[in-house]
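A.B. asks: Let me begin by handing over the structure; questions about it come next.
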Amino acid sequence: MANPLDDPTTDPFAIAAQAASEIAEATGVATHDIALTLGSGWGSAADLLGETTHTIPADEITGFSKPALVGHVGTLRSVLLPNGKRALVIGARTHYYENHGVRRVVHSVRTAAATGATTMVLTNGAGGIKEHWKPGTPVLISDHINLTADSPLEGATFIDLTDLYAKRLRDIAREIEPSLDEGVYTQFRGPHYETPAEVQMAKAIGGHIVGMSTALEAIAARQAGMEILGMSLITNLAAGISKDPLSHAEVLEAGRDAEAVLGPLLAKIVAAL
Ligand code: 8IG
């Protein structure tokens, strides 16, 4: 079935509104309060947040695509949190490097906003530039540098990105886990990892984390008026920071090993938001 987002004459917000009404119908939950995108290493948090009342295969909802990557679960879940709030858990991320266009990349964020969510928690697995970050370290995203040369905004849409990753939410996260460090997330297109020279460039321009997902999503979340919490799991030191070459298998393994710590951490933070 053709994806309506691929037709440039369609309105991506109308498609997100349609997706949100399908989610409301499938779950019987009229509004969600908070949305989470769970990236590599963060998946186990879903079960710890609260009671999953509904699980929907993402590709049954308008505008969503089948996941491109093994290890990425393609589901949308409605979770009842202990505090009575409703979370929409997005386990289906479309990456920019898939070349389906930026509309598809941010559709889940726009859909989350259309379900009523006012808080967007964006998580990912990423490479670390700070040498003392061991694989398995979760860090807060304090800001980003978008090196994709693309934007989810269409037309002359000028949007302020100050305090994009809300200090208020980072402070709440640090109340839960004072040892959480933070850094500037630098989004590359991927899917190749960086060269060591590119990592040095990212470092020189103020980056601490290298990844392939979150910056474009955060821009769309800000456009939708959501407050954003961003967290990266450092699954590997960025290329050239450690002597070892990067391997996707090792990245996945570091993610799996960290899940046992990340799940409870994220659940505690979400309960406090
Ligand atoms: I997991 O080292 C993961 N994702 N760009 N660089 C980039 N993305 C990543 C990396 C990394 N590790």
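We name chains A, B, ... following the order of the structure tokens; residues begin at 1 in each chain, and ligands are numbered from 1 as shown.
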Please list as a list in words every residue within 12 Å of A:Met201, counting only C-alpha atoms and excluding residues in the same chain fewer than 6 positions away.
C.D. replies: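 Answer for this query is Ile129, Ile145, Leu147, Thr186, Phe188, Glu194, Thr195, Gly207, His208, Val210, Ala238, Ala239 and Gly240 of chain A.
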A.B. asks: Okay, now the selection with N, CA and C atoms, as a CSV table (one decimal), in the first residue's frame?
C.D. replies:
```csv
chain,number,residue,atom,x,y,z
A,129,ILE,N,31.8,10.5,22.3
A,129,ILE,CA,33.0,11.2,22.0
A,129,ILE,C,33.8,11.4,23.2
A,145,ILE,N,23.4,19.1,17.1
A,145,ILE,CA,23.9,19.7,15.9
A,145,ILE,C,23.4,18.8,14.8
A,147,LEU,N,23.5,17.6,11.3
A,147,LEU,CA,24.4,17.5,10.1
A,147,LEU,C,23.8,16.8,8.9
A,186,THR,N,25.1,14.9,17.9
A,186,THR,CA,25.4,15.3,16.6
A,186,THR,C,24.8,14.3,15.6
A,188,PHE,N,24.4,12.6,12.2
A,188,PHE,CA,24.9,12.3,10.9
A,188,PHE,C,23.9,11.5,10.1
A,194,GLU,N,30.9,7.1,11.4
A,194,GLU,CA,31.8,8.2,11.0
A,194,GLU,C,33.2,7.6,10.7
A,195,THR,N,34.0,8.4,10.0
A,195,THR,CA,35.4,8.2,10.0
A,195,THR,C,36.0,8.8,11.2
A,207,GLY,N,30.3,18.8,19.5
A,207,GLY,CA,29.5,17.5,19.7
A,207,GLY,C,30.2,16.6,20.7
A,208,HIS,N,29.3,15.8,21.4
A,208,HIS,CA,29.8,14.8,22.3
A,208,HIS,C,29.2,13.4,22.1
A,210,VAL,N,27.4,11.0,18.8
A,210,VAL,CA,27.2,10.9,17.4
A,210,VAL,C,26.1,9.8,17.2
A,238,ALA,N,32.9,6.5,19.8
A,238,ALA,CA,32.8,6.9,18.3
A,238,ALA,C,34.2,6.5,17.7
A,239,ALA,N,34.1,6.4,16.4
A,239,ALA,CA,35.3,5.9,15.6
A,239,ALA,C,36.5,6.7,15.9
A,240,GLY,N,37.6,6.0,16.2
A,240,GLY,CA,38.9,6.7,16.5
A,240,GLY,C,39.1,7.1,17.9
```
A.B. asks: Write out as a ChimeraX atom specification all residues of stretch 128-255 of chain A that backbone DSSP assigns to helix (DSSP H, G or I).
C.D. replies: /A:167-176,196-204,214-223,248-255
A.B. asks: Let me make sure I understand: among A:Glu250, A:Asp181, A:Glu227, A:Glu259, which one has the smallest atom-to-atom distance to ligand 1 if we use only C-alpha atoms and all ligand atoms?
C.D. replies: A:Glu250
A.B. asks: I'd like the interatomic distance between atom CA of A:Leu262 and atom CA of A:Tyr97, to a tenth of an Å.
C.D. replies: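 Spanning atom CA of A:Leu262 to atom CA of A:Tyr97 is a straight-line distance of 25.9 Å.
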A.B. asks: As an exercise, work out the distance from atom CA of A:Val270 to atom CA of A:Gly125 in Å and give it to one decimal place.
C.D. replies: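 Answer for the atom CA of A:Val270 to atom CA of A:Gly125 separation: 18.4 Å.
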A.B. asks: Can you list every residue in stretch 74-223 of chain A that DSSP puts in strand (DSSP E), as number ranges by chain?
C.D. replies: A: 75-80, 86-90, 119-128, 137-146, 181-187, 209-211
A.B. asks: Export, as a short mmCIF file (atom, residue, chain, number, x, y, z; two decimals), in the first residue's frame, the selected residues with C-alpha atoms.
C.D. replies:
```cif
data_model
loop_
_atom_site.label_atom_id
_atom_site.label_comp_id
_atom_site.auth_asym_id
_atom_site.auth_seq_id
_atom_site.Cartn_x
_atom_site.Cartn_y
_atom_site.Cartn_z
CA THR A 75 4.88 -1.75 17.54
CA LEU A 76 2.93 1.04 19.13
CA ARG A 77 1.82 0.42 22.69
CA SER A 78 -0.56 2.20 24.98
CA VAL A 79 0.71 1.98 28.56
CA LEU A 80 -1.18 2.96 31.70
CA ARG A 86 -1.19 7.36 29.51
CA ALA A 87 2.02 6.75 27.58
CA LEU A 88 2.29 5.98 23.88
CA VAL A 89 5.37 3.83 23.40
CA ILE A 90 6.76 3.96 19.89
CA THR A 119 5.94 15.37 26.46
CA MET A 120 8.17 13.53 23.99
CA VAL A 121 10.89 11.25 25.31
CA LEU A 122 13.38 10.44 22.55
CA THR A 123 15.91 7.70 23.22
CA ASN A 124 18.60 6.20 21.03
CA GLY A 125 21.76 4.18 20.91
CA ALA A 126 24.71 6.32 19.89
CA GLY A 127 28.46 6.70 19.77
CA GLY A 128 30.32 8.59 22.49
CA THR A 137 26.51 4.60 29.76
CA PRO A 138 23.17 6.47 29.49
CA VAL A 139 23.52 10.24 28.96
CA LEU A 140 21.11 13.16 28.67
CA ILE A 141 21.01 15.12 25.42
CA SER A 142 21.53 18.81 26.19
CA ASP A 143 21.36 20.16 22.62
CA HIS A 144 22.02 18.99 19.09
CA ILE A 145 23.91 19.71 15.90
CA ASN A 146 21.97 18.59 12.84
CA ASP A 181 26.10 13.20 32.35
CA GLU A 182 24.92 15.20 29.36
CA GLY A 183 26.18 16.11 25.92
CA VAL A 184 25.46 17.59 22.53
CA TYR A 185 23.99 15.07 20.09
CA THR A 186 25.37 15.30 16.57
CA GLN A 187 23.20 13.71 13.91
CA ILE A 209 27.44 12.15 20.99
CA VAL A 210 27.15 10.86 17.40
CA GLY A 211 23.95 9.31 16.14
#
```
A.B. asks: Ranking A:Gly50, A:Ala258, A:Ile269, A:Gly39 by minimum distance to ligand 1 and counting only C-alpha atoms and all ligand atoms, which one comes first?
C.D. replies: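 Of the candidates, the smallest distance to ligand 1 is held by A:Gly39.
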A.B. asks: Pick out the closest residue to A:Leu237 from this set: A:Ile159, A:Gly255, A:Glu175, A:Pro135. Count only C-alpha atoms.
C.D. replies: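 Looking only at the distances to A:Leu237, the closest residue turns out to be A:Pro135.
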A.B. asks: Which is closer to ligand 1 than all the others in A:Glu253, A:Asp163, A:Asp33, A:Glu51, using only C-alpha atoms and all ligand atoms?
C.D. replies: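 Of A:Glu253, A:Asp163, A:Asp33, A:Glu51, the one nearest ligand 1 is A:Glu253, counting only C-alpha atoms and all ligand atoms.
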A.B. asks: Set the distance at 12 Å and use only C-alpha atoms: which residues neighbour A:Ala26 once local chain neighbours fewer than 2 positions away are removed? I'd like the list as a list of chain:residue names.
C.D. replies: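 Once the nearby chain positions are removed, what remains is A:Ala19, A:Ala20, A:Ser21, A:Glu22, A:Ile23, A:Ala24, A:Gly28, A:Val29, A:Ala30, A:Thr53, A:His54, A:Thr55, A:Ile56, A:Pro57, A:Ala58, A:Glu60, A:Ile61, A:Leu76, A:Arg77, A:Ser78.
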